[in-house]
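See below for input05.cif, which holds mmCIF, C-alpha atoms.
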data_work
loop_
_atom_site.label_atom_id
_atom_site.label_comp_id
_atom_site.auth_asym_id
_atom_site.auth_seq_id
_atom_site.Cartn_x
_atom_site.Cartn_y
_atom_site.Cartn_z
CA MET A 4 26.66 -39.05 2.55
CA LYS A 5 24.51 -35.94 3.03
CA LYS A 6 23.66 -34.22 -0.27
CA ASN A 7 24.49 -30.59 -0.89
CA PRO A 8 21.22 -28.56 -0.63
CA VAL A 9 21.52 -27.49 -4.25
CA GLU A 10 21.73 -31.14 -5.32
CA ARG A 11 18.68 -32.12 -3.28
CA ARG A 12 15.26 -31.79 -4.87
CA PHE A 13 13.04 -29.00 -3.61
CA CYS A 14 10.27 -26.95 -5.14
CA GLY A 15 12.74 -24.07 -4.92
CA ASN A 16 15.13 -25.68 -7.38
CA CYS A 17 12.48 -27.23 -9.64
CA GLY A 18 12.01 -25.95 -13.18
CA SER A 19 8.32 -25.20 -12.54
CA HIS A 20 8.88 -22.63 -9.79
CA ASN A 21 8.74 -18.86 -9.66
CA ALA A 22 9.14 -16.59 -6.66
CA TYR A 23 5.97 -15.96 -4.65
CA ASN A 24 6.59 -15.10 -0.99
CA TYR A 25 10.35 -15.00 -1.17
CA PRO A 26 12.10 -17.01 0.06
CA GLY A 27 9.63 -19.20 1.95
CA GLN A 28 7.09 -19.96 -0.75
CA VAL A 29 7.18 -20.42 -4.51
CA PHE A 30 4.56 -20.52 -7.23
CA CYS A 31 4.32 -23.81 -9.11
CA SER A 32 3.01 -23.40 -12.65
CA LYS A 33 2.60 -27.17 -12.98
CA ARG A 34 0.24 -27.36 -10.00
CA PHE A 35 -1.60 -24.29 -11.24
CA SER A 36 -2.31 -25.94 -14.58
CA GLU A 37 -3.62 -28.97 -12.67
CA ASP A 38 -6.01 -26.75 -10.65
CA LYS A 39 -4.12 -27.47 -7.42
CA ASN A 40 -2.98 -24.77 -4.99
CA PRO A 41 0.09 -23.41 -6.80
CA VAL A 42 1.67 -21.75 -3.76
CA VAL A 43 3.93 -24.25 -2.02
CA ASP A 44 6.83 -24.17 0.43
CA THR A 45 10.20 -23.63 -1.20
CA LEU A 46 11.62 -26.59 0.70
CA TRP A 47 8.79 -28.94 -0.26
CA CYS A 48 9.02 -31.32 -3.23
CA CYS A 49 6.79 -33.62 -5.27
CA GLU A 50 7.33 -36.45 -7.74
CA GLU A 51 6.92 -34.10 -10.71
CA TRP A 52 10.14 -32.27 -9.93
CA ASN A 53 12.10 -31.28 -13.03
CA SER A 54 15.50 -29.73 -13.41
CA THR A 55 16.06 -26.06 -14.14
CA SER A 56 18.56 -24.61 -16.59
CA GLN A 57 19.88 -21.93 -14.20
CA GLU A 58 20.05 -22.11 -10.44
CA CYS A 59 18.71 -19.47 -8.09
CA TYR A 60 19.05 -18.63 -4.39
CA CYS A 61 15.56 -19.77 -3.33
CA VAL A 62 16.64 -22.98 -1.55
CA ARG A 63 19.71 -21.39 0.05
CA GLU A 64 17.70 -18.40 1.30
CA ALA A 65 14.77 -20.52 2.48
CA MET A 66 17.14 -22.74 4.47
CA LYS A 67 18.82 -19.70 5.95
CA LYS A 68 15.43 -18.35 6.98
CA GLN A 69 14.40 -21.70 8.43
CA GLY A 70 17.60 -21.62 10.52
CA MET B 7 14.07 35.61 -47.98
CA GLN B 8 16.35 38.50 -47.28
CA ARG B 9 19.26 38.56 -44.86
CA ARG B 10 17.38 40.45 -42.17
CA ASP B 11 14.62 37.81 -42.17
CA PHE B 12 17.10 35.31 -40.75
CA LEU B 13 18.04 37.57 -37.89
CA GLY B 14 14.65 38.52 -36.49
CA GLU B 15 14.71 37.43 -32.87
CA PRO B 16 17.79 37.43 -30.67
CA VAL B 17 18.37 34.63 -28.18
CA LYS B 18 17.40 35.80 -24.70
CA HIS B 19 19.55 34.25 -22.05
CA VAL B 20 18.05 32.10 -19.33
CA LYS B 21 17.67 34.06 -16.12
CA ILE B 22 17.13 32.24 -12.86
CA ALA B 23 16.22 34.97 -10.42
CA GLY B 24 14.95 33.48 -7.20
CA LYS B 25 12.30 30.81 -7.18
CA LEU B 26 10.86 29.72 -10.50
CA SER B 27 7.75 27.67 -11.10
CA VAL B 28 7.90 24.95 -13.76
CA ASN B 29 6.07 27.14 -16.24
CA GLU B 30 8.32 30.11 -15.48
CA LEU B 31 11.33 27.96 -16.28
CA VAL B 32 9.66 26.83 -19.51
CA GLN B 33 9.11 30.51 -20.39
CA GLN B 34 12.86 31.01 -19.93
CA PHE B 35 13.40 28.11 -22.31
CA ARG B 36 11.10 29.82 -24.78
CA ASN B 37 13.11 33.05 -24.48
CA SER B 38 16.31 31.24 -25.35
CA GLY B 39 14.39 29.24 -27.93
CA SER B 40 17.38 27.06 -28.53
CA PHE B 41 18.03 23.38 -29.01
CA GLY B 42 16.17 21.00 -26.68
CA ALA B 43 14.92 23.79 -24.43
CA GLY B 44 13.31 25.55 -27.38
CA ARG B 45 11.62 22.36 -28.52
CA LEU B 46 10.40 21.63 -25.00
CA SER B 47 8.81 25.07 -24.67
CA THR B 48 7.21 24.64 -28.11
CA ALA B 49 5.80 21.27 -26.98
CA CYS B 50 4.22 23.00 -23.96
CA ASP B 51 2.66 25.63 -26.23
CA ILE B 52 1.29 22.99 -28.61
CA TYR B 53 -0.16 20.88 -25.80
CA GLU B 54 -1.77 23.98 -24.32
CA ARG B 55 -3.35 24.80 -27.69
CA MET B 56 -4.61 21.20 -28.00
CA VAL B 57 -6.21 21.39 -24.57
CA ARG B 58 -7.81 24.79 -25.22
CA ASP B 59 -9.07 23.74 -28.66
CA GLU B 60 -12.62 22.57 -27.97
CA ASP B 61 -12.72 20.67 -31.25
CA CYS B 62 -9.59 18.63 -30.57
CA THR B 63 -9.51 15.01 -29.45
CA ILE B 64 -6.21 14.36 -27.70
CA PHE B 65 -4.57 10.96 -28.16
CA LEU B 66 -1.79 9.89 -25.79
CA ALA B 67 0.64 7.15 -26.88
CA LEU B 68 2.55 5.35 -24.15
CA ALA B 69 5.53 3.24 -25.17
CA GLY B 70 8.65 2.37 -23.22
CA ALA B 71 8.74 1.87 -19.49
CA VAL B 72 6.55 4.86 -18.61
CA VAL B 73 4.96 3.25 -15.55
CA PRO B 74 8.07 1.61 -14.04
CA ALA B 75 9.79 5.01 -14.35
CA GLY B 76 7.22 6.64 -12.08
CA MET B 77 4.78 8.37 -14.44
CA ARG B 78 1.75 6.30 -13.57
CA SER B 79 -0.06 8.80 -11.35
CA LEU B 80 0.69 11.62 -13.78
CA VAL B 81 -1.01 9.75 -16.62
CA ALA B 82 -3.95 8.77 -14.39
CA ASP B 83 -4.37 12.41 -13.32
CA LEU B 84 -4.31 13.65 -16.93
CA ILE B 85 -7.05 11.16 -17.72
CA ARG B 86 -9.14 12.20 -14.70
CA GLU B 87 -8.66 15.90 -15.52
CA ARG B 88 -9.77 15.21 -19.10
CA LEU B 89 -6.49 16.50 -20.46
CA VAL B 90 -6.31 13.43 -22.69
CA ASP B 91 -9.27 11.81 -24.47
CA VAL B 92 -7.86 8.52 -25.76
CA VAL B 93 -4.90 6.46 -24.55
CA VAL B 94 -3.02 3.92 -26.65
CA SER B 95 -0.45 1.97 -24.67
CA THR B 96 1.83 -1.00 -24.81
CA GLY B 97 0.42 -3.94 -22.89
CA ALA B 98 3.52 -3.83 -20.68
CA ASN B 99 2.75 -0.41 -19.26
CA MET B 100 -0.69 -1.56 -18.18
CA VAL B 101 0.83 -4.73 -16.72
CA HIS B 102 3.07 -2.54 -14.55
CA ASP B 103 0.06 -0.37 -13.71
CA ALA B 104 -1.84 -3.48 -12.58
CA ILE B 105 1.16 -4.71 -10.58
CA GLU B 106 1.05 -1.54 -8.48
CA ALA B 107 -2.75 -1.61 -8.29
CA LEU B 108 -2.50 -5.06 -6.70
CA GLY B 109 0.04 -3.92 -4.11
CA GLY B 110 3.30 -4.56 -5.94
CA HIS B 111 6.10 -2.03 -6.33
CA HIS B 112 8.91 -0.89 -8.55
CA TYR B 113 12.14 -0.18 -6.71
CA LYS B 114 14.93 2.32 -7.25
CA GLY B 115 17.92 0.25 -8.27
CA HIS B 116 21.09 0.83 -10.25
CA TRP B 117 22.34 0.12 -13.74
CA LEU B 118 25.69 -1.05 -12.36
CA VAL B 119 24.72 -4.35 -10.85
CA ASP B 120 25.49 -8.00 -11.35
CA ASP B 121 22.49 -9.10 -13.39
CA TYR B 122 23.11 -12.78 -12.80
CA THR B 123 22.87 -12.12 -9.06
CA LEU B 124 19.55 -10.37 -9.70
CA TYR B 125 18.46 -13.41 -11.69
CA LYS B 126 19.29 -15.69 -8.77
CA TYR B 127 17.26 -13.47 -6.44
CA HIS B 128 14.32 -13.44 -8.90
CA ILE B 129 14.58 -9.69 -9.46
CA TYR B 130 14.06 -8.13 -12.90
CA ARG B 131 15.88 -4.98 -14.01
CA ILE B 132 14.51 -2.18 -16.17
CA TYR B 133 17.62 -0.03 -16.51
CA ASP B 134 17.89 1.29 -12.92
CA VAL B 135 14.48 0.13 -11.72
CA PHE B 136 14.03 -3.27 -10.07
CA VAL B 137 10.85 -5.35 -9.98
CA PRO B 138 10.58 -8.51 -7.87
CA GLU B 139 9.43 -11.52 -9.83
CA GLU B 140 6.75 -12.32 -7.25
CA ASP B 141 4.89 -9.13 -8.16
CA PHE B 142 4.54 -10.45 -11.71
CA VAL B 143 3.59 -13.90 -10.47
CA LYS B 144 0.99 -12.53 -8.06
CA LEU B 145 -0.39 -10.46 -10.91
CA ASP B 146 -0.55 -13.53 -13.16
CA PHE B 147 -2.31 -15.49 -10.45
CA ARG B 148 -4.87 -12.73 -9.90
CA LEU B 149 -5.28 -12.08 -13.62
CA ALA B 150 -6.01 -15.73 -14.26
CA SER B 151 -9.08 -15.38 -11.98
CA ILE B 152 -10.01 -12.02 -13.50
CA PHE B 153 -9.74 -13.55 -16.99
CA ASP B 154 -12.03 -16.37 -15.80
CA GLU B 155 -14.61 -13.81 -14.69
CA ILE B 156 -14.39 -11.76 -17.88
CA ALA B 157 -14.55 -14.90 -20.03
CA THR B 158 -17.58 -16.20 -18.15
CA GLU B 159 -19.42 -12.89 -18.42
CA ASN B 160 -18.64 -12.66 -22.14
CA ALA B 161 -18.92 -16.34 -23.00
CA GLY B 162 -18.22 -16.80 -26.67
CA LYS B 163 -17.75 -13.11 -27.32
CA SER B 164 -14.39 -11.69 -28.36
CA LEU B 165 -13.39 -8.40 -26.82
CA GLY B 166 -11.43 -5.57 -28.35
CA SER B 167 -8.40 -4.40 -26.38
CA ASN B 168 -10.32 -1.30 -25.26
CA GLU B 169 -13.11 -3.47 -23.86
CA PHE B 170 -10.52 -5.69 -22.21
CA ALA B 171 -8.85 -2.64 -20.58
CA ARG B 172 -12.25 -1.46 -19.31
CA GLU B 173 -12.94 -4.86 -17.77
CA LEU B 174 -9.60 -4.72 -15.98
CA GLY B 175 -10.10 -1.12 -14.84
CA LYS B 176 -13.51 -2.04 -13.44
CA ARG B 177 -11.89 -4.64 -11.22
CA LEU B 178 -8.98 -2.54 -9.90
CA GLU B 179 -9.67 -0.26 -6.96
CA ASP B 180 -6.48 1.79 -6.86
CA PRO B 181 -7.32 5.45 -7.67
CA ASN B 182 -3.76 5.98 -8.99
CA SER B 183 -4.21 3.26 -11.56
CA ILE B 184 -4.27 4.31 -15.23
CA LEU B 185 -6.63 1.44 -16.03
CA ARG B 186 -8.95 2.48 -13.20
CA ALA B 187 -8.84 6.17 -14.16
CA ALA B 188 -9.66 5.36 -17.79
CA TYR B 189 -12.56 3.17 -16.69
CA GLU B 190 -13.97 5.81 -14.34
CA ALA B 191 -13.46 8.69 -16.78
CA ASP B 192 -14.82 6.65 -19.69
CA VAL B 193 -11.63 7.32 -21.63
CA PRO B 194 -10.91 4.67 -24.29
CA LEU B 195 -7.66 2.82 -23.62
CA PHE B 196 -6.35 0.68 -26.47
CA LEU B 197 -3.68 -1.99 -26.07
CA PRO B 198 -2.85 -2.95 -29.66
CA ALA B 199 0.07 -5.20 -28.70
CA VAL B 200 -1.60 -6.68 -25.64
CA ARG B 201 -0.33 -10.20 -26.26
CA ASP B 202 3.26 -8.99 -26.22
CA SER B 203 3.26 -8.42 -22.47
CA GLU B 204 2.66 -10.29 -19.23
CA PHE B 205 -1.04 -10.23 -20.18
CA GLY B 206 -0.12 -12.84 -22.80
CA PHE B 207 1.50 -15.11 -20.22
CA ALA B 208 -1.35 -14.57 -17.75
CA HIS B 209 -3.73 -15.65 -20.52
CA TRP B 210 -1.60 -18.72 -21.12
CA LEU B 211 -1.86 -19.58 -17.41
CA HIS B 212 -5.61 -18.90 -17.40
CA ALA B 213 -6.17 -21.08 -20.49
CA SER B 214 -3.75 -23.84 -19.51
CA ARG B 215 -5.73 -25.14 -16.56
CA GLU B 216 -7.35 -28.53 -16.96
CA ASN B 217 -10.82 -27.42 -15.87
CA VAL B 218 -11.06 -23.99 -17.46
CA LYS B 219 -14.67 -23.45 -18.58
CA HIS B 220 -14.43 -20.31 -20.67
CA THR B 221 -11.30 -18.92 -22.24
CA LEU B 222 -10.96 -15.18 -22.61
CA MET B 223 -10.96 -14.19 -26.26
CA LEU B 224 -9.56 -10.94 -27.64
CA ASP B 225 -10.00 -9.72 -31.19
CA ALA B 226 -7.09 -7.51 -32.26
CA PHE B 227 -8.96 -6.25 -35.32
CA LYS B 228 -11.98 -5.07 -33.33
CA ASP B 229 -10.06 -1.96 -32.24
CA VAL B 230 -9.52 -0.72 -35.78
CA PRO B 231 -13.00 0.61 -36.63
CA GLU B 232 -13.30 1.93 -33.08
CA ILE B 233 -10.17 4.07 -33.11
CA VAL B 234 -10.63 5.12 -36.74
CA GLY B 235 -14.19 6.13 -35.81
CA LEU B 236 -12.85 8.27 -32.97
CA CYS B 237 -10.58 10.10 -35.42
CA ARG B 238 -13.34 10.40 -38.02
CA ARG B 239 -15.85 11.89 -35.56
CA SER B 240 -13.30 14.36 -34.20
CA ALA B 241 -13.30 17.77 -35.82
CA LYS B 242 -9.59 17.94 -34.98
CA SER B 243 -7.07 15.50 -33.53
CA GLY B 244 -3.84 15.89 -31.62
CA MET B 245 -1.34 13.37 -30.33
CA ILE B 246 1.23 13.31 -27.60
CA VAL B 247 3.62 10.45 -28.12
CA ILE B 248 5.92 9.09 -25.47
CA GLY B 249 8.44 6.89 -27.23
CA GLY B 250 6.72 5.62 -30.33
CA GLY B 251 6.42 2.02 -31.44
CA VAL B 252 3.07 0.33 -31.82
CA PRO B 253 1.09 2.97 -29.85
CA ARG B 254 2.33 5.82 -32.07
CA ASN B 255 1.65 3.81 -35.20
CA THR B 256 -1.85 2.87 -34.02
CA ILE B 257 -2.80 6.52 -33.56
CA GLN B 258 -1.16 7.70 -36.77
CA SER B 259 -2.71 4.91 -38.80
CA ALA B 260 -6.15 5.84 -37.45
CA ALA B 261 -5.50 9.43 -38.53
CA LEU B 262 -4.51 8.14 -41.97
CA ALA B 263 -7.48 5.79 -42.33
CA SER B 264 -9.90 8.53 -41.31
CA LYS B 265 -8.43 10.69 -44.09
CA LYS B 266 -7.97 13.53 -41.65
CA GLY B 267 -4.43 13.59 -40.37
CA MET B 268 -3.39 15.02 -37.02
CA ASP B 269 -3.76 18.76 -36.43
CA TYR B 270 -1.38 18.79 -33.47
CA ALA B 271 1.55 16.51 -32.67
CA VAL B 272 4.13 16.33 -29.89
CA VAL B 273 6.55 13.41 -30.01
CA ILE B 274 9.04 12.80 -27.20
CA THR B 275 11.70 10.33 -28.22
CA MET B 276 15.40 9.57 -28.07
CA ASP B 277 15.32 7.50 -31.27
CA ARG B 278 16.99 8.50 -34.52
CA PRO B 279 15.30 8.65 -37.92
CA GLU B 280 18.17 7.12 -39.92
CA PRO B 281 17.41 3.43 -39.20
CA GLY B 282 13.90 3.92 -40.57
CA GLY B 283 12.00 2.83 -37.46
CA LEU B 284 8.78 4.60 -36.53
CA SER B 285 9.87 5.74 -33.06
CA GLY B 286 12.59 7.92 -34.56
CA SER B 287 10.77 9.00 -37.69
CA THR B 288 10.40 12.74 -38.01
CA LEU B 289 7.02 14.40 -38.07
CA GLU B 290 7.89 15.71 -41.53
CA GLU B 291 8.18 12.07 -42.68
CA THR B 292 4.77 11.44 -41.10
CA VAL B 293 3.33 14.29 -43.15
CA SER B 294 4.23 12.38 -46.34
CA TRP B 295 1.81 9.64 -45.32
CA GLY B 296 -1.03 12.02 -44.51
CA LYS B 297 -0.94 10.90 -40.87
CA VAL B 298 -0.06 14.41 -39.74
CA LYS B 299 -1.29 17.43 -41.68
CA GLY B 300 1.27 19.48 -43.58
CA GLN B 301 0.23 22.60 -41.68
CA ALA B 302 -0.05 20.81 -38.33
CA ASP B 303 1.20 22.41 -35.14
CA LYS B 304 3.98 19.94 -34.38
CA VAL B 305 7.29 19.37 -32.64
CA MET B 306 9.58 16.50 -31.83
CA VAL B 307 11.32 16.72 -28.47
CA ILE B 308 14.52 14.71 -28.40
CA SER B 309 14.58 13.87 -24.73
CA ASP B 310 14.15 11.22 -22.12
CA ALA B 311 10.37 11.31 -21.61
CA THR B 312 10.79 10.87 -17.85
CA ILE B 313 12.21 14.42 -17.86
CA ALA B 314 10.27 16.10 -20.66
CA PHE B 315 6.75 14.75 -20.16
CA PRO B 316 6.28 15.80 -16.49
CA ILE B 317 7.65 19.26 -17.35
CA ILE B 318 5.26 19.63 -20.30
CA ALA B 319 2.31 18.47 -18.21
CA ALA B 320 3.21 20.65 -15.21
CA SER B 321 3.73 23.71 -17.38
CA VAL B 322 0.40 23.32 -19.15
CA ILE B 323 -1.52 22.55 -15.95
CA GLU B 324 -0.02 25.71 -14.41
CA ARG B 325 -1.20 27.75 -17.42
CA LEU B 326 -4.69 26.29 -17.11
CA SER B 327 -5.01 26.96 -13.42
CA GLY B 328 -8.25 28.41 -12.13
CA ASP B 329 -11.61 27.12 -13.14
CA PHE B 330 -10.59 25.75 -16.53
CA LYS B 331 -12.63 22.65 -17.27
CA ARG B 332 -12.28 20.69 -20.45
CA ALA B 333 -15.28 18.88 -21.89
CA THR B 334 -14.87 15.16 -22.46
CA SER B 335 -14.78 13.90 -26.03
CA ASN B 336 -18.18 12.25 -25.41
CA GLU B 337 -19.63 15.59 -24.30
CA ARG B 338 -18.15 17.32 -27.34
CA GLU B 339 -19.56 14.63 -29.64
CA LYS B 340 -23.02 15.06 -28.11
CA LEU B 341 -22.78 18.84 -28.47
CA GLN B 342 -21.66 18.47 -32.06
CA ALA B 343 -24.60 16.12 -32.78
CA VAL B 344 -27.04 18.65 -31.26
CA GLU B 345 -25.52 21.49 -33.29
CA GLU B 346 -25.71 19.43 -36.47
CA SER B 347 -29.37 18.55 -35.85
CA GLU B 348 -30.36 22.19 -35.26
#
Before anything else, please render the file you have as structure tokens.
Amino acid sequence: MKKNPVERRFCGNCGSHNAYNYPGQVFCSKRFSEDKNPVVDTLWCCEEWNSTSQECYCVREAMKKQG
Amino acid sequence: MQRRDFLGEPVKHVKIAGKLSVNELVQQFRNSGSFGAGRLSTACDIYERMVRDEDCTIFLALAGAVVPAGMRSLVADLIRERLVDVVVSTGANMVHDAIEALGGHHYKGHWLVDDYTLYKYHIYRIYDVFVPEEDFVKLDFRLASIFDEIATENAGKSLGSNEFARELGKRLEDPNSILRAAYEADVPLFLPAVRDSEFGFAHWLHASRENVKHTLMLDAFKDVPEIVGLCRRSAKSGMIVIGGGVPRNTIQSAALASKKGMDYAVVITMDRPEPGGLSGSTLEETVSWGKVKGQADKVMVISDATIAFPIIAASVIERLSGDFKRATSNEREKLQAVEESE
């Protein structure tokens, strides 16, 4: 069964993200602290994904933009 | 006092005949002399006297959301025109100044809005002003590099908040920036609560990286002798306070420590004195500490500073029009030193 976008793991619903170029790109504080490029696609994801306490519209809006 | 002493000057009613300049309206306020209008016109008179007093060093305290509310260019212009000599600000105001200097914006919003929807869109609300989160994040990202540069240049040396503000101003190119204006005009800009702002989080980002070579170090206590020295070397001091809080206290404490007390004081606030907080404390209360002189030229304007402060500034600038040029505090200090040596 296909997962609801909000249940799927993306950078845009990870606890380490903040808005950057809304809605397409987010800033990852985790990557920044590791000296990696912190600006990543909202719909990307890595193995260090962690849950967030409150959901936002980043994934929904990025998907809408992607079409 | 006799009965007739209480009835000296009748209230003159405000007359709006045709077009009025800001200062003409303030003169009408002076004629009525009543309530908030009377206090506002008194504030204009006191600021004008501060500016015209060649011995006076003018301190400006910025607390509350002065920059998000649209007063950034006004403050920068006052600095460039030498109508203030020293600025003491919350860190947050300079964060918002830097946000705009780096291309970010504050947006006209509304106070009646679903804040959880704003949260989901990563938009922050300051009453009826909106700021997109990415403007903060872009600032943090840029500041982390700027902090690297400053830390590398000053390896092992702790900076005072004034030195820190100068380093930031040096690196911002926006002519409307308060930080840039202070840097260019060589006006000291103190940020006594710098950690309690996005600067604190930007520092955390800067310092949290695995390969950071030098960490920016600030010394909060380094400002104290510097600002007390400014008060001590000034023949007279005046303050204009927007809001209150830490910036007001920093200036007043310097006046106290220098054993001089302020000669002029204008405080614009909406706070009340009854809860005992500094932002609402009356200037009479301040006199008891020796922070403001008993005979000081002083007034408290109970108003939203976004209304009162531009009116005060516009009125005084209009009165000064022509070739009025105020010497900088550095120039006055040099002149004073020459006079003393002669």
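This file gives the following result for the PyMOL selection byres ((chain B) within 8 of (chain A)): Tyr125, Lys126, Tyr127, His128, Glu139, Glu140, Asp141, Val143, Lys144, Leu211, Ser214, Arg215, Glu216 and Asn217 of chain B.
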| remark: In terms of only C-alpha atoms, the residue from A:Arg11, A:Asn40, A:Gly18, A:Gln69 at minimal distance from Trp52 in chain A is A:Gly18
| Which residues, written as an NGL selection string, have at least one atom at most 9 Å from Thr55 in chain A, with all atoms listed in the file counted and residues fewer than 4 positions away on the same chain left out? | :A and (16-19)
| request: Name every residue that the PyMOL selection byres ((chain B and resi 82-86) around 9) selects in this structure, writing the answer as an NGL selection string with chains first and numbers rising. | output: :B and (77-81 or 87-93 or 181-188 or 190-191 or 193 or 319)
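One distance worth recording is that between CA of Leu26 in chain B and CA of Ser38 in chain B, which is 15.9 Å.
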| task | Run the PyMOL selection byres ((chain B and resi 244) around 7) against the file shown and list the residues it catches, as a list in words. | result | Met56, Cys62, Thr63, Ile64, Phe65, Lys242, Ser243, Met245, Ile246, Met268, Asp269, Tyr270 and Ala271 of chain B
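For the pair CA of Asp44 in chain A and CA of Val62 in chain A, the separation is 10.1 Å.
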| field | Contact residues around range 196-206 of chain B with all atoms listed in the file at 7 Å, ignoring same-chain residues under 5 positions, as a PyMOL selection string | value | chain B and resi 93-98+101+167-168+226
Those residues with C-alpha atoms, as a CSV table (one decimal), keeping the file's coordinate frame please?
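Just written: again-v8.csv:
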chain,number,residue,atom,x,y,z
B,93,VAL,CA,-4.9,6.5,-24.6
B,94,VAL,CA,-3.0,3.9,-26.6
B,95,SER,CA,-0.4,2.0,-24.7
B,96,THR,CA,1.8,-1.0,-24.8
B,97,GLY,CA,0.4,-3.9,-22.9
B,98,ALA,CA,3.5,-3.8,-20.7
B,101,VAL,CA,0.8,-4.7,-16.7
B,167,SER,CA,-8.4,-4.4,-26.4
B,168,ASN,CA,-10.3,-1.3,-25.3
B,226,ALA,CA,-7.1,-7.5,-32.3
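Relative to CA of Leu66 in chain B, CA of Pro194 in chain B is found at 10.6 Å.
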| Could you name the residues that touch Ile317 in chain B at 9 Å or less, counting all atoms listed in the file, but leaving out those on the same chain fewer than 3 positions away, as an MDAnalysis selection string? | chainID B and resid 28:29 32 46 50 312:314 320:322
| 10 Å contact set for Arg239 in chain B, all atoms listed in the file, chain neighbours under 2 positions out, as a ChimeraX atom specification | /B:63,233-237,241-243,264,335,339,342
As AutoDock Vina command-line options, what would the box around range 21-37 of chain A look like: edges along x, y and z, 4 Å added on every side, centre and edge lengths in Å to one decimal?
--center_x 4.2 --center_y -22.0 --center_z -6.3 --size_x 23.7 --size_y 22.0 --size_z 24.5
| message | Show me, as a ChimeraX atom specification, the residues that have an atom within 10 Å of Thr48 in chain B when counting all atoms listed in the file, minus same-chain residues fewer than 6 positions from it. | response | /B:32-33,35-36,39,42,54,272,303-307,318
